[in-house]
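Below: the structure, in structure tokens.
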Amino acid sequence: MLLSADQIEQYQRDGFVYPVSVMSTEEAVGLRGQLEAYEVAQGGRIPATQRARAFLLFKWLDDLIRDPRVLDPVEQLIGPNILCWSTIFWIKEVGSNSFVSWHQDNTYWGLSSRDVVTAWFALSDASVEAGCMRVLPGSHRGRALEHEDTYDDDNLLSRGQSIKDVDESRAVSMPLNAGEMSLHNYCLAHGSGPNLTDDRRIGVSMHFMPPQTRQVVGAWDCAALVRGEDRHGNFALTPAPERDFDPASMAFHEKASKALRDVLYAGAERNPQRL
Ligand SMILES: O=C(O)CCC(=O)C(=O)O
């Protein structure tokens, strides 16, 4: 579904737009089922080392980052040539205290562009009670806010990075039903509270950027070319898995995950290996 002119204007002004319908609840439940079947088969929750860049591991996730229902609205925001830099699973278990502190992703990702879009796709209902994402409208247009690393055990972020002073009275919640996504600029301040429901809250974020973007922190980085062409060559292009745990893309995932950790933990005092 394409964004309306009003939605595009809202994204530019406020830094986010939601809900954007991607697929039916049934189809999203099917994707959740594939993730959970894998968890059952390997005897536990998805390991931290497979939270990021798992489009190199799961065919269904590689299909999702290339799905026109995801990319058509993204193209309206950043143009026809699109790289997917990473994906991250965000899972809040029932009864856990998992949360995401207020943060701006451009502070940690080492990317040169301000035009990076996060599509956060709901694999389960992400209601206010389930701890859906909250955003601070317009914060993507200002300066980078000061963060501190907290390393809080319940924080799903790599180093528990947290913006020091946030005026929460200005925050907007972005509840989603399974099968919907939100789109936000990665410079936007965002976070989320714990899941108070009796179902897991499962989302996957997909990070899209124009190919002229450069990695300015890491020595080597990679991305999937998901639409159009890349005339810049700033990122090694990732292979697309032909099936789940395709050996070629699995080997690439190992290298790609290490490169991501090198960027996310650059200058950090600790590395709690959350990704
Ligand atoms: O899943 C959440 O609640 C937060 C996700 C997030 O921080 C992100 O997608 O950048």
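Chain labels run A, B, ... following the order of the structure tokens; each chain numbers its residues from 1, and ligands are numbered from 1 in the order shown.
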Chain A residues near ligand 1 within 9 Å, closest pair each, using only C-alpha atoms and all ligand atoms, as a tab-separated table:
```
residue	atom	partner	partner_atom_place_in_ligand_line	distance
A:Thr87	CA	ligand 1	9 (O)	8.8
A:Ile88	CA	ligand 1	9 (O)	7.3
A:Phe89	CA	ligand 1	1 (O)	7.8
A:Trp90	CA	ligand 1	1 (O)	4.7
A:Ile91	CA	ligand 1	1 (O)	7.2
A:Lys92	CA	ligand 1	1 (O)	8.3
A:Phe99	CA	ligand 1	3 (O)	6.8
A:Val100	CA	ligand 1	3 (O)	5.6
A:Ser101	CA	ligand 1	7 (O)	8.0
A:Trp102	CA	ligand 1	7 (O)	8.1
A:His103	CA	ligand 1	7 (O)	7.4
A:Gln104	CA	ligand 1	10 (O)	7.9
A:Asp105	CA	ligand 1	10 (O)	6.5
A:Thr118	CA	ligand 1	9 (O)	6.4
A:Ala119	CA	ligand 1	9 (O)	7.5
A:Trp120	CA	ligand 1	9 (O)	5.8
A:Ala126	CA	ligand 1	3 (O)	8.9
A:Gly131	CA	ligand 1	3 (O)	6.7
A:Cys132	CA	ligand 1	3 (O)	5.7
A:Met133	CA	ligand 1	3 (O)	4.6
A:Arg134	CA	ligand 1	3 (O)	7.7
A:Leu156	CA	ligand 1	4 (C)	8.0
A:Leu157	CA	ligand 1	7 (O)	7.3
A:His184	CA	ligand 1	10 (O)	8.5
A:Tyr186	CA	ligand 1	10 (O)	7.1
A:Ala189	CA	ligand 1	7 (O)	9.0
A:His190	CA	ligand 1	7 (O)	6.3
A:Gly191	CA	ligand 1	4 (C)	5.5
A:Ser192	CA	ligand 1	3 (O)	4.6
A:Gly193	CA	ligand 1	3 (O)	7.3
A:Pro194	CA	ligand 1	3 (O)	8.7
A:Arg201	CA	ligand 1	1 (O)	8.6
A:Ile202	CA	ligand 1	1 (O)	8.0
A:Gly203	CA	ligand 1	1 (O)	6.2
A:Val204	CA	ligand 1	9 (O)	7.4
A:Ser205	CA	ligand 1	9 (O)	4.9
A:Met206	CA	ligand 1	9 (O)	7.7
A:His207	CA	ligand 1	9 (O)	8.4
```
Which residues are close to Asn185 (chain A), i.e. within 9 Å by only C-alpha atoms, leaving aside same-chain residues fewer than 4 positions away? Reply as an MDAnalysis selection string. chainID A and resid 11:12 15:16 114:118 140
Resulting file, chosen residues, N, CA, C and O atoms, as a compact mmCIF listing (two decimals), in the first residue's frame:
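Printed below is out.txt as written:
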```
# COMPACT_ATOMS: atom_id res chain seq x y z
N TYR A 11 5.80 12.10 7.80
CA TYR A 11 7.10 11.45 8.02
C TYR A 11 8.20 12.51 8.01
O TYR A 11 9.10 12.50 8.85
N GLN A 12 8.12 13.42 7.04
CA GLN A 12 9.18 14.43 6.96
C GLN A 12 9.15 15.39 8.15
O GLN A 12 10.18 15.75 8.70
N GLY A 15 8.86 12.64 11.60
CA GLY A 15 9.87 11.57 11.63
C GLY A 15 9.30 10.17 11.69
O GLY A 15 10.06 9.21 11.80
N PHE A 16 7.98 10.01 11.61
CA PHE A 16 7.40 8.66 11.68
C PHE A 16 6.03 8.64 11.01
O PHE A 16 5.38 9.68 10.86
N ARG A 114 21.47 10.87 6.79
CA ARG A 114 20.36 11.10 7.73
C ARG A 114 19.07 10.46 7.20
O ARG A 114 18.05 10.45 7.87
N ASP A 115 19.14 9.93 5.98
CA ASP A 115 17.94 9.38 5.34
C ASP A 115 17.83 7.88 5.50
O ASP A 115 17.61 7.15 4.52
N VAL A 116 18.04 7.38 6.69
CA VAL A 116 17.90 5.94 6.92
C VAL A 116 16.52 5.72 7.54
O VAL A 116 16.14 6.42 8.49
N VAL A 117 15.77 4.77 6.98
CA VAL A 117 14.41 4.50 7.45
C VAL A 117 14.37 3.15 8.15
O VAL A 117 14.84 2.16 7.59
N THR A 118 13.79 3.12 9.33
CA THR A 118 13.51 1.84 9.98
C THR A 118 12.05 1.47 9.74
O THR A 118 11.15 2.25 10.07
N HIS A 140 13.97 13.99 15.09
CA HIS A 140 14.94 13.63 14.05
C HIS A 140 15.54 14.85 13.38
O HIS A 140 16.54 14.75 12.69
```
Listing only residues of region 127-212 of chain A within 12 Å of region 252-265 of chain A, what is the closest atom pair and its distance in Å (to one decimal) for each, using only C-alpha atoms, sorted by chain and residue number ascending, as a tab-separated table?
```
residue	atom	partner	partner_atom	distance
A:Asp149	CA	A:Tyr265	CA	10.6
A:Tyr151	CA	A:Tyr265	CA	11.7
A:Leu157	CA	A:Leu264	CA	9.8
A:Ser158	CA	A:Leu264	CA	7.0
A:Arg159	CA	A:Tyr265	CA	7.5
A:Gly160	CA	A:Tyr265	CA	11.1
A:Gln161	CA	A:Leu264	CA	10.6
```
Which residues are close to region 69-78 of chain A, i.e. within 7 Å by only C-alpha atoms, leaving aside same-chain residues fewer than 3 positions away? Reply as a ChimeraX atom specification. /A:1-3,22,66,115,210
Since we have the selection now, will you write its residues out, keeping N, CA and C atoms, as a PDB file, in the first residue's frame?
```pdb
ATOM      1  N   MET A   1       0.841  -1.195   0.000  1.00  0.00           N
ATOM      2  CA  MET A   1       0.000   0.000   0.000  1.00  0.00           C
ATOM      3  C   MET A   1       0.880   1.251   0.000  1.00  0.00           C
ATOM      4  N   LEU A   2       0.585   2.208  -0.857  1.00  0.00           N
ATOM      5  CA  LEU A   2       1.415   3.410  -0.917  1.00  0.00           C
ATOM      6  C   LEU A   2       1.024   4.400   0.171  1.00  0.00           C
ATOM      7  N   LEU A   3       1.997   5.232   0.580  1.00  0.00           N
ATOM      8  CA  LEU A   3       1.707   6.283   1.553  1.00  0.00           C
ATOM      9  C   LEU A   3       0.982   7.416   0.839  1.00  0.00           C
ATOM     10  N   VAL A  22       0.821  -4.088   5.763  1.00  0.00           N
ATOM     11  CA  VAL A  22       1.725  -4.844   4.888  1.00  0.00           C
ATOM     12  C   VAL A  22       1.059  -6.133   4.410  1.00  0.00           C
ATOM     13  N   ARG A  66      12.625  -7.809   0.851  1.00  0.00           N
ATOM     14  CA  ARG A  66      12.484  -7.534  -0.590  1.00  0.00           C
ATOM     15  C   ARG A  66      11.013  -7.407  -1.003  1.00  0.00           C
ATOM     16  N   ASP A 115      19.143   9.935   5.977  1.00  0.00           N
ATOM     17  CA  ASP A 115      17.940   9.381   5.336  1.00  0.00           C
ATOM     18  C   ASP A 115      17.833   7.878   5.496  1.00  0.00           C
ATOM     19  N   PRO A 210      19.770   4.780   1.324  1.00  0.00           N
ATOM     20  CA  PRO A 210      20.171   4.968  -0.074  1.00  0.00           C
ATOM     21  C   PRO A 210      21.639   4.548  -0.238  1.00  0.00           C
TER      22      PRO A 210
END
```
Tell me, as a list of chain:residue names, which residues lie within 6 Å of region 226-232 of chain A, counting only C-alpha atoms; anything in the same chain fewer than 4 positions away does not count. A:Arg66, A:Pro80, A:Asn81, A:Ile82, A:Leu83, A:Pro211, A:Gln212
As a VMD selection string, please: every residue in region 131-273 of chain A that a backbone DSSP assignment puts in alpha helix (DSSP H). chain A and resid 247 to 264
Taking 4 positions as the minimum chain separation for residues in the same chain, which residues sit within 10 Å of Leu57 (chain A) when counting only C-alpha atoms? Answer as a list in words.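 Counting only C-alpha atoms, the residues come to Gln50, Ala52, Arg53, Leu61, Asp62, Ala240, Pro241, Glu242, Arg243, Asp244, Phe245, Asp246, Pro247, Ala248, Ser249, Met250, Ala251, Phe252 and His253 of chain A.
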